[in-house]
Amino acid sequence: MTDTTVTDIANAASSSVDSAGTAHAATDGKFDLVVIGGGPGGYEAAIRAAQLGMKVACIEKRVHKGVPSLGGTCLNVGCIPSKALLDSSHRYESTVHDLAAHGITTGDVTFDVATMQARKDAIVAQLTGGIAQLFKGNGITWFQGTGKLLAGKQVEVTPLDGSASQVLSANNVILATGSSPINIPAAQVDENRIVDSTGALEFKEVPATLGIIGAGVIGLELGSVWRRLGSEVTVLEAQDEFLGALDKGLAKEALKQFKKQGMDIQLGAKVQSTQVSEQGVSVTYTQAGAEKTLQFDRVIVCVGRRAYAEGLLADDTGIKLTERGLIDVNDQCQTSVEGVYAIGDLVRGPMLAHKAMEEGVMAVERMHGEATQVNYDTIIGVIYTAPEVAWVGLSEEAAVAKGHEIKTGQFAFAVNGRALAAGETQGFVKFVSDAKTDRLLGMHVIGAGAGDMVHQGMIALEFAASTEDLQLMTFAHPTLSEVVHEAALSVDGRAIHAIQRKRK
Ligand code: FAD
Ligand code: NAD
């Protein structure tokens, strides 16, 4: 697909937004709820509020590929485009490496980056256009511009089209302006040789050598995309520990799998400087006291994200910030000002789309008088690599640190019939349980479909399940989920497809 076609797709989405008549709908400027930011947190909040009968406005300033766009980081430059490229590159790698074992001969397998990118862009346009349609159907007014909270729950809107700003008044306001990538002086993004995650989603060709600064979620996901397509990938991680916040067993297995795939992951590697030339980027870093330099075609900087509140608050709003510069909120996302809520990446907690979404719904239902509460103990984390890495609840180390006497069980996919049939034998499921009460505390999965499988653990934790509850359930055969059952059984040394006989 050519660039022209991509633009056409984007324009089609844009015209449907304009024809919806919501972008510049005439209003009296008074709303039950004004949401600033139309990412997953903000747009879900707006829709839920409209369902509850509120008169809602959402202000979103993003212009994506020349078109005003709802959906925030997640739909435009985050979750969705990264997963589109992950899927395309996985299909390519799997076709090249996995089919021969099934007796399938493919001949020369080639790929076209432009087609992959166009497919990704079309998915983004479809989804962001879909949010605009949902806004129209729910009677939500979308102000295409920048919002600023003023005192007294008033919000100033500066339109993208340069027309005069206006002031809206609201009974309630939700701040949902998300986050932006952290920049480091040692590797300044130039949108050419040195890019952030947004730039790394737009490569027009596969870099022969790719340096990644930061072995976090973005580094591993986008590193996987370009490695599968042929880049020689080196990841420079400042910490000595790989994925330090995860269960250690899970992180160790993930490191082993990624290294096996050819990703060169250097831990304790502190980047000191970068130098861009016509040949590429040379990166100087220190590791175990030695100074080293590597040369790359391109470098992705992905060292975390920080809350984005630029120009969001007038001086006299009374909104308190935390020491780390986040908007200070309580467990219900209420700020220090009555009727003003803040959600998503802008506030404490993991920077995840589903966390932002549920906070948006909670804030709206709270203003409606309901007692909705996000359970922060059961927010799932997923790294969408192959194998996927997913977790919910407490790691073994965190459970011990919290004072639990624990018992753990683990079961590998390697001996599961369905995993063998599918050729997806890497990884395991691990449970952490309280030894005294038998209550499940955490589930950790690395393997094919881990991101879906981990929801079984989330539901179990939500219902305060015991390990025995899972042990007594019947799991369909043959499924990958049988590994979940066996892992729960193995917590008490009674997995069937492992030797766990009690010795006298
Ligand atoms: P955002 O999505 O950032 O939306 C905030 C919006 O507010 C933006 O569109 C911005 O333009 C707008 N805005 C800011 N200031 C103003 C203003 N003053 N006026 C008007 N509008 C304003 N999370 C997952 O859960 N799963 C994933 O697979 C995943 N993959 C990711 C991949 C990448 C490459 C990246 C970068 C992130 C990924 N994330 C993922 C994280 C996820 O995108 C964020 O956690 C999520 O988007 C946060 O939602 P939000 O609504 O808080 O903010
Ligand atoms: P991250 O916090 O996941 O990882 C950043 C890594 O960079 C850390 O390991 C950190 O030690 C390292 N680092 C920091 N400074 C460094 C330096 N100077 N040199 C070398 N390494 C350095 O951040 P990210 O990968 O940029 O992702 C940002 C956010 O986006 C995350 O919080 C994540 O929640 C979200 N995200 C989620 C998903 C998903 O849910 N699948 C995907 C992508 C992004």
# chains A, B, ... in the order shown; residues from 1 in each chain; ligands from 1
$ closest_atom_pairs --of "chain A" --to "ligand 2" --cutoff "7 Å" --atoms "only C-alpha atoms and all ligand atoms" --output "CSV"
residue,atom,partner,partner_atom_place_in_ligand_line,distance
A:Gly78,CA,ligand 2,43 (C),6.7
A:Cys79,CA,ligand 2,42 (C),6.2
A:Pro181,CA,ligand 2,26 (O),6.8
A:Ile184,CA,ligand 2,18 (N),6.5
A:Ile213,CA,ligand 2,20 (C),4.9
A:Gly214,CA,ligand 2,7 (O),3.3
A:Ala215,CA,ligand 2,9 (O),4.7
A:Gly216,CA,ligand 2,4 (O),3.2
A:Val217,CA,ligand 2,25 (O),4.0
A:Ile218,CA,ligand 2,25 (O),3.7
A:Gly219,CA,ligand 2,25 (O),5.4
A:Glu221,CA,ligand 2,42 (C),6.9
A:Leu236,CA,ligand 2,20 (C),5.6
A:Glu237,CA,ligand 2,21 (N),4.0
A:Ala238,CA,ligand 2,20 (C),4.0
A:Gln239,CA,ligand 2,11 (O),5.1
A:Leu243,CA,ligand 2,9 (O),6.1
A:Ala269,CA,ligand 2,20 (C),6.5
A:Lys270,CA,ligand 2,19 (N),5.2
A:Val271,CA,ligand 2,19 (N),5.3
A:Cys302,CA,ligand 2,26 (O),3.9
A:Val303,CA,ligand 2,7 (O),3.5
A:Gly304,CA,ligand 2,23 (O),3.2
A:Arg305,CA,ligand 2,28 (C),4.8
A:Pro350,CA,ligand 2,34 (O),5.7
A:Met351,CA,ligand 2,34 (O),4.2
A:Leu352,CA,ligand 2,34 (O),5.1
A:Gly381,CA,ligand 2,40 (O),6.0
A:Val382,CA,ligand 2,41 (N),5.0
A:Ile383,CA,ligand 2,41 (N),4.4
A:Tyr384,CA,ligand 2,41 (N),5.6
$ write_last_selection --atoms "N, CA and C atoms" --output "CSV table (one decimal), in the first residue's frame"
chain,number,residue,atom,x,y,z
A,78,GLY,N,0.7,3.9,20.6
A,78,GLY,CA,1.1,3.0,21.7
A,78,GLY,C,0.6,1.6,21.6
A,79,CYS,N,-0.3,1.2,22.4
A,79,CYS,CA,-0.8,-0.2,22.5
A,79,CYS,C,-1.1,-0.8,21.1
A,181,PRO,N,7.1,10.5,26.7
A,181,PRO,CA,8.4,9.8,26.9
A,181,PRO,C,9.4,10.6,27.7
A,184,ILE,N,16.6,11.7,27.8
A,184,ILE,CA,17.8,11.7,28.6
A,184,ILE,C,18.8,12.5,27.8
A,213,ILE,N,17.8,1.7,24.3
A,213,ILE,CA,18.2,2.2,25.6
A,213,ILE,C,17.0,2.0,26.5
A,214,GLY,N,17.2,1.0,27.4
A,214,GLY,CA,16.1,0.7,28.4
A,214,GLY,C,15.4,-0.7,28.0
A,215,ALA,N,15.6,-1.7,28.9
A,215,ALA,CA,15.0,-3.0,28.7
A,215,ALA,C,13.7,-3.1,29.5
A,216,GLY,N,12.8,-2.1,29.2
A,216,GLY,CA,11.5,-2.2,29.8
A,216,GLY,C,10.5,-2.7,28.8
A,217,VAL,N,9.2,-2.5,29.0
A,217,VAL,CA,8.2,-3.1,28.1
A,217,VAL,C,8.4,-2.6,26.7
A,218,ILE,N,8.6,-1.3,26.5
A,218,ILE,CA,8.7,-0.8,25.1
A,218,ILE,C,9.9,-1.4,24.4
A,219,GLY,N,11.0,-1.4,25.1
A,219,GLY,CA,12.3,-1.9,24.5
A,219,GLY,C,12.1,-3.3,24.1
A,221,GLU,N,9.2,-5.0,23.5
A,221,GLU,CA,8.2,-5.2,22.4
A,221,GLU,C,8.7,-4.7,21.1
A,236,LEU,N,20.5,-1.9,25.9
A,236,LEU,CA,21.4,-1.4,27.0
A,236,LEU,C,20.5,-1.0,28.2
A,237,GLU,N,20.6,-1.7,29.3
A,237,GLU,CA,19.8,-1.5,30.4
A,237,GLU,C,20.7,-1.1,31.6
A,238,ALA,N,20.3,0.1,32.2
A,238,ALA,CA,21.1,0.6,33.3
A,238,ALA,C,21.1,-0.2,34.5
A,239,GLN,N,20.0,-0.9,34.8
A,239,GLN,CA,19.9,-1.7,36.1
A,239,GLN,C,20.7,-3.0,35.9
A,243,LEU,N,14.1,-6.7,34.3
A,243,LEU,CA,12.7,-6.6,34.7
A,243,LEU,C,12.5,-6.8,36.2
A,269,ALA,N,24.4,-1.4,32.0
A,269,ALA,CA,25.0,-0.7,31.0
A,269,ALA,C,24.5,0.8,31.0
A,270,LYS,N,25.3,1.7,31.5
A,270,LYS,CA,24.8,3.1,31.7
A,270,LYS,C,25.3,3.9,30.5
A,271,VAL,N,24.3,4.4,29.7
A,271,VAL,CA,24.7,5.2,28.6
A,271,VAL,C,25.2,6.6,29.0
A,302,CYS,N,13.9,4.4,25.2
A,302,CYS,CA,12.7,4.0,25.9
A,302,CYS,C,13.0,3.7,27.4
A,303,VAL,N,13.2,4.8,28.1
A,303,VAL,CA,13.6,4.7,29.5
A,303,VAL,C,12.5,5.1,30.5
A,304,GLY,N,11.3,5.0,30.0
A,304,GLY,CA,10.1,5.3,30.8
A,304,GLY,C,9.4,6.5,30.3
A,305,ARG,N,8.2,6.7,30.9
A,305,ARG,CA,7.4,7.9,30.6
A,305,ARG,C,7.1,8.7,31.8
A,350,PRO,N,0.5,1.9,37.8
A,350,PRO,CA,1.1,1.6,36.5
A,350,PRO,C,0.5,2.3,35.3
A,351,MET,N,1.4,2.6,34.4
A,351,MET,CA,1.0,3.4,33.2
A,351,MET,C,0.4,2.4,32.2
A,352,LEU,N,-0.9,2.0,32.4
A,352,LEU,CA,-1.5,1.0,31.5
A,352,LEU,C,-2.8,1.5,31.1
A,381,GLY,N,-0.4,-7.1,34.2
A,381,GLY,CA,0.7,-6.6,33.4
A,381,GLY,C,1.0,-7.6,32.3
A,382,VAL,N,1.2,-7.1,31.1
A,382,VAL,CA,1.5,-8.1,30.0
A,382,VAL,C,2.6,-7.4,29.1
A,383,ILE,N,3.6,-8.2,28.8
A,383,ILE,CA,4.6,-7.8,27.8
A,383,ILE,C,4.3,-8.7,26.6
A,384,TYR,N,3.9,-8.0,25.5
A,384,TYR,CA,3.4,-8.7,24.3
A,384,TYR,C,4.5,-9.2,23.4
$ closest_atom_pairs --of "chain A" --to "ligand 1" --cutoff "7 Å" --atoms "only C-alpha atoms and all ligand atoms" --output "CSV"
residue,atom,partner,partner_atom_place_in_ligand_line,distance
A:Ile36,CA,ligand 1,20 (C),5.2
A:Gly37,CA,ligand 1,7 (O),3.3
A:Gly38,CA,ligand 1,6 (C),5.0
A:Gly39,CA,ligand 1,4 (O),3.4
A:Pro40,CA,ligand 1,51 (O),4.2
A:Gly41,CA,ligand 1,51 (O),3.6
A:Gly42,CA,ligand 1,51 (O),5.3
A:Ile59,CA,ligand 1,20 (C),4.9
A:Glu60,CA,ligand 1,21 (N),3.7
A:Lys61,CA,ligand 1,21 (N),4.3
A:Arg62,CA,ligand 1,11 (O),4.2
A:Leu70,CA,ligand 1,9 (O),6.5
A:Gly71,CA,ligand 1,9 (O),6.2
A:Gly72,CA,ligand 1,9 (O),3.1
A:Thr73,CA,ligand 1,2 (O),3.8
A:Cys74,CA,ligand 1,43 (O),3.5
A:Val77,CA,ligand 1,34 (C),6.0
A:Gly78,CA,ligand 1,33 (C),3.3
A:Cys79,CA,ligand 1,30 (N),3.3
A:Ile80,CA,ligand 1,28 (O),6.9
A:Ser82,CA,ligand 1,32 (C),5.8
A:Lys83,CA,ligand 1,28 (O),6.9
A:Gly145,CA,ligand 1,20 (C),5.9
A:Thr146,CA,ligand 1,19 (N),3.6
A:Gly147,CA,ligand 1,19 (N),3.8
A:Lys148,CA,ligand 1,18 (N),5.6
A:Ala176,CA,ligand 1,52 (O),5.3
A:Thr177,CA,ligand 1,7 (O),3.6
A:Gly178,CA,ligand 1,53 (O),3.1
A:Ser179,CA,ligand 1,3 (O),4.9
A:Ser197,CA,ligand 1,34 (C),5.1
A:Thr198,CA,ligand 1,34 (C),6.6
A:Ile218,CA,ligand 1,34 (C),5.7
A:Tyr308,CA,ligand 1,14 (C),6.6
A:Ala309,CA,ligand 1,15 (N),6.2
A:Glu310,CA,ligand 1,18 (N),6.8
A:Gly311,CA,ligand 1,18 (N),6.3
A:Leu312,CA,ligand 1,18 (N),4.9
A:Ile343,CA,ligand 1,52 (O),6.1
A:Gly344,CA,ligand 1,52 (O),3.4
A:Asp345,CA,ligand 1,52 (O),4.0
A:Leu346,CA,ligand 1,52 (O),5.9
A:Met351,CA,ligand 1,45 (O),4.0
A:Leu352,CA,ligand 1,45 (O),3.3
A:Ala353,CA,ligand 1,25 (O),3.7
A:His354,CA,ligand 1,25 (O),5.2
A:Ala356,CA,ligand 1,52 (O),5.1
A:Tyr384,CA,ligand 1,28 (O),6.9
$ write_last_selection --atoms "N, CA and C atoms" --output "CSV table (one decimal), in the first residue's frame"
chain,number,residue,atom,x,y,z
A,36,ILE,N,-10.6,16.5,30.1
A,36,ILE,CA,-9.5,17.0,29.4
A,36,ILE,C,-8.6,15.8,29.0
A,37,GLY,N,-8.5,15.5,27.7
A,37,GLY,CA,-7.7,14.3,27.3
A,37,GLY,C,-8.7,13.2,26.8
A,38,GLY,N,-8.5,12.8,25.5
A,38,GLY,CA,-9.4,11.8,25.0
A,38,GLY,C,-8.7,10.5,24.7
A,39,GLY,N,-7.7,10.1,25.7
A,39,GLY,CA,-7.1,8.8,25.6
A,39,GLY,C,-8.0,7.7,26.2
A,40,PRO,N,-7.5,6.5,26.4
A,40,PRO,CA,-8.4,5.5,26.9
A,40,PRO,C,-9.1,5.8,28.3
A,41,GLY,N,-8.4,6.6,29.1
A,41,GLY,CA,-9.0,7.0,30.4
A,41,GLY,C,-10.1,8.0,30.1
A,42,GLY,N,-9.7,9.0,29.3
A,42,GLY,CA,-10.7,10.1,29.1
A,42,GLY,C,-11.9,9.7,28.2
A,59,ILE,N,-12.2,17.3,25.6
A,59,ILE,CA,-11.2,18.2,24.9
A,59,ILE,C,-10.0,17.4,24.6
A,60,GLU,N,-9.7,17.3,23.3
A,60,GLU,CA,-8.5,16.5,22.9
A,60,GLU,C,-7.7,17.3,21.8
A,61,LYS,N,-6.4,17.4,22.0
A,61,LYS,CA,-5.6,18.3,21.1
A,61,LYS,C,-4.8,17.5,20.1
A,62,ARG,N,-4.8,16.2,20.2
A,62,ARG,CA,-3.9,15.3,19.4
A,62,ARG,C,-4.3,15.5,17.9
A,70,LEU,N,-8.9,11.1,18.4
A,70,LEU,CA,-9.2,10.6,19.7
A,70,LEU,C,-8.4,9.3,20.0
A,71,GLY,N,-8.4,8.8,21.2
A,71,GLY,CA,-7.8,7.5,21.5
A,71,GLY,C,-6.5,7.6,22.2
A,72,GLY,N,-5.9,8.9,22.3
A,72,GLY,CA,-4.7,9.1,23.1
A,72,GLY,C,-3.5,8.3,22.6
A,73,THR,N,-2.5,8.2,23.5
A,73,THR,CA,-1.3,7.5,23.2
A,73,THR,C,-1.6,6.1,22.8
A,74,CYS,N,-2.5,5.4,23.5
A,74,CYS,CA,-2.8,4.0,23.3
A,74,CYS,C,-3.2,3.7,21.8
A,77,VAL,N,-0.3,5.9,19.1
A,77,VAL,CA,1.1,5.7,19.0
A,77,VAL,C,1.6,4.7,20.1
A,78,GLY,N,0.7,3.9,20.6
A,78,GLY,CA,1.1,3.0,21.7
A,78,GLY,C,0.6,1.6,21.6
A,79,CYS,N,-0.3,1.2,22.4
A,79,CYS,CA,-0.8,-0.2,22.5
A,79,CYS,C,-1.1,-0.8,21.1
A,80,ILE,N,-2.0,-0.1,20.3
A,80,ILE,CA,-2.5,-0.7,19.1
A,80,ILE,C,-1.5,-0.7,18.0
A,82,SER,N,1.7,-0.7,18.1
A,82,SER,CA,2.8,-1.7,18.5
A,82,SER,C,2.3,-3.1,18.3
A,83,LYS,N,1.1,-3.4,18.7
A,83,LYS,CA,0.6,-4.8,18.6
A,83,LYS,C,0.4,-5.1,17.1
A,145,GLY,N,-8.9,20.7,20.6
A,145,GLY,CA,-8.1,21.8,21.0
A,145,GLY,C,-7.5,21.5,22.4
A,146,THR,N,-6.9,22.5,23.0
A,146,THR,CA,-6.1,22.3,24.3
A,146,THR,C,-7.0,22.8,25.4
A,147,GLY,N,-7.1,22.0,26.5
A,147,GLY,CA,-7.8,22.3,27.6
A,147,GLY,C,-7.0,22.8,28.8
A,148,LYS,N,-7.4,23.8,29.5
A,148,LYS,CA,-6.7,24.2,30.7
A,148,LYS,C,-7.7,24.4,31.8
A,176,ALA,N,-7.2,14.0,32.3
A,176,ALA,CA,-6.8,12.7,31.7
A,176,ALA,C,-5.8,12.9,30.6
A,177,THR,N,-4.7,13.7,30.9
A,177,THR,CA,-3.8,14.2,29.8
A,177,THR,C,-2.6,13.2,29.6
A,178,GLY,N,-2.6,12.1,30.3
A,178,GLY,CA,-1.7,11.0,30.0
A,178,GLY,C,-0.2,11.3,30.3
A,179,SER,N,0.7,10.8,29.4
A,179,SER,CA,2.1,10.9,29.7
A,179,SER,C,2.9,11.1,28.4
A,197,SER,N,9.6,5.9,21.2
A,197,SER,CA,8.7,4.8,20.8
A,197,SER,C,7.8,5.2,19.6
A,198,THR,N,7.5,6.5,19.5
A,198,THR,CA,6.6,6.9,18.4
A,198,THR,C,7.4,6.8,17.1
A,218,ILE,N,8.6,-1.3,26.5
A,218,ILE,CA,8.7,-0.8,25.1
A,218,ILE,C,9.9,-1.4,24.4
A,308,TYR,N,2.1,13.9,31.9
A,308,TYR,CA,2.1,15.1,31.0
A,308,TYR,C,1.0,16.0,31.5
A,309,ALA,N,1.5,17.2,32.0
A,309,ALA,CA,0.5,18.2,32.5
A,309,ALA,C,0.9,19.6,32.0
A,310,GLU,N,1.6,19.6,30.9
A,310,GLU,CA,2.1,20.9,30.4
A,310,GLU,C,0.9,21.9,30.2
A,311,GLY,N,0.9,23.0,30.8
A,311,GLY,CA,-0.1,24.0,30.6
A,311,GLY,C,-1.5,23.6,31.0
A,312,LEU,N,-1.6,22.6,31.8
A,312,LEU,CA,-2.9,22.0,32.2
A,312,LEU,C,-3.6,22.8,33.3
A,343,ILE,N,-7.0,10.9,36.3
A,343,ILE,CA,-6.9,9.4,36.1
A,343,ILE,C,-5.8,9.1,35.1
A,344,GLY,N,-5.5,7.8,35.0
A,344,GLY,CA,-4.6,7.3,34.0
A,344,GLY,C,-3.1,7.6,34.3
A,345,ASP,N,-2.4,7.8,33.2
A,345,ASP,CA,-0.9,7.9,33.3
A,345,ASP,C,-0.6,9.2,34.1
A,346,LEU,N,-1.5,10.1,34.2
A,346,LEU,CA,-1.3,11.4,34.9
A,346,LEU,C,-1.1,11.2,36.4
A,351,MET,N,1.4,2.6,34.4
A,351,MET,CA,1.0,3.4,33.2
A,351,MET,C,0.4,2.4,32.2
A,352,LEU,N,-0.9,2.0,32.4
A,352,LEU,CA,-1.5,1.0,31.5
A,352,LEU,C,-2.8,1.5,31.1
A,353,ALA,N,-3.2,1.2,29.8
A,353,ALA,CA,-4.5,1.6,29.3
A,353,ALA,C,-5.7,1.1,30.1
A,354,HIS,N,-5.6,-0.2,30.4
A,354,HIS,CA,-6.8,-0.7,31.1
A,354,HIS,C,-7.0,-0.1,32.5
A,356,ALA,N,-6.1,3.0,33.2
A,356,ALA,CA,-6.7,4.4,32.9
A,356,ALA,C,-8.2,4.2,32.7
A,384,TYR,N,3.9,-8.0,25.5
A,384,TYR,CA,3.4,-8.7,24.3
A,384,TYR,C,4.5,-9.2,23.4
$ closest_residue --among "A:Ala371, A:Ala498, A:Leu394, A:Ile194" --to "A:Ala414" --atoms "only C-alpha atoms"
A:Ala498
$ closest_residue --among "A:Val364, A:Leu326, A:Val113, A:Ala465" --to "A:Ser88" --atoms "only C-alpha atoms"
A:Val113
$ closest_residue --among "A:Thr27, A:Glu338, A:Asp331, A:Lys248" --to "A:Ile319" --atoms "only C-alpha atoms"
A:Glu338
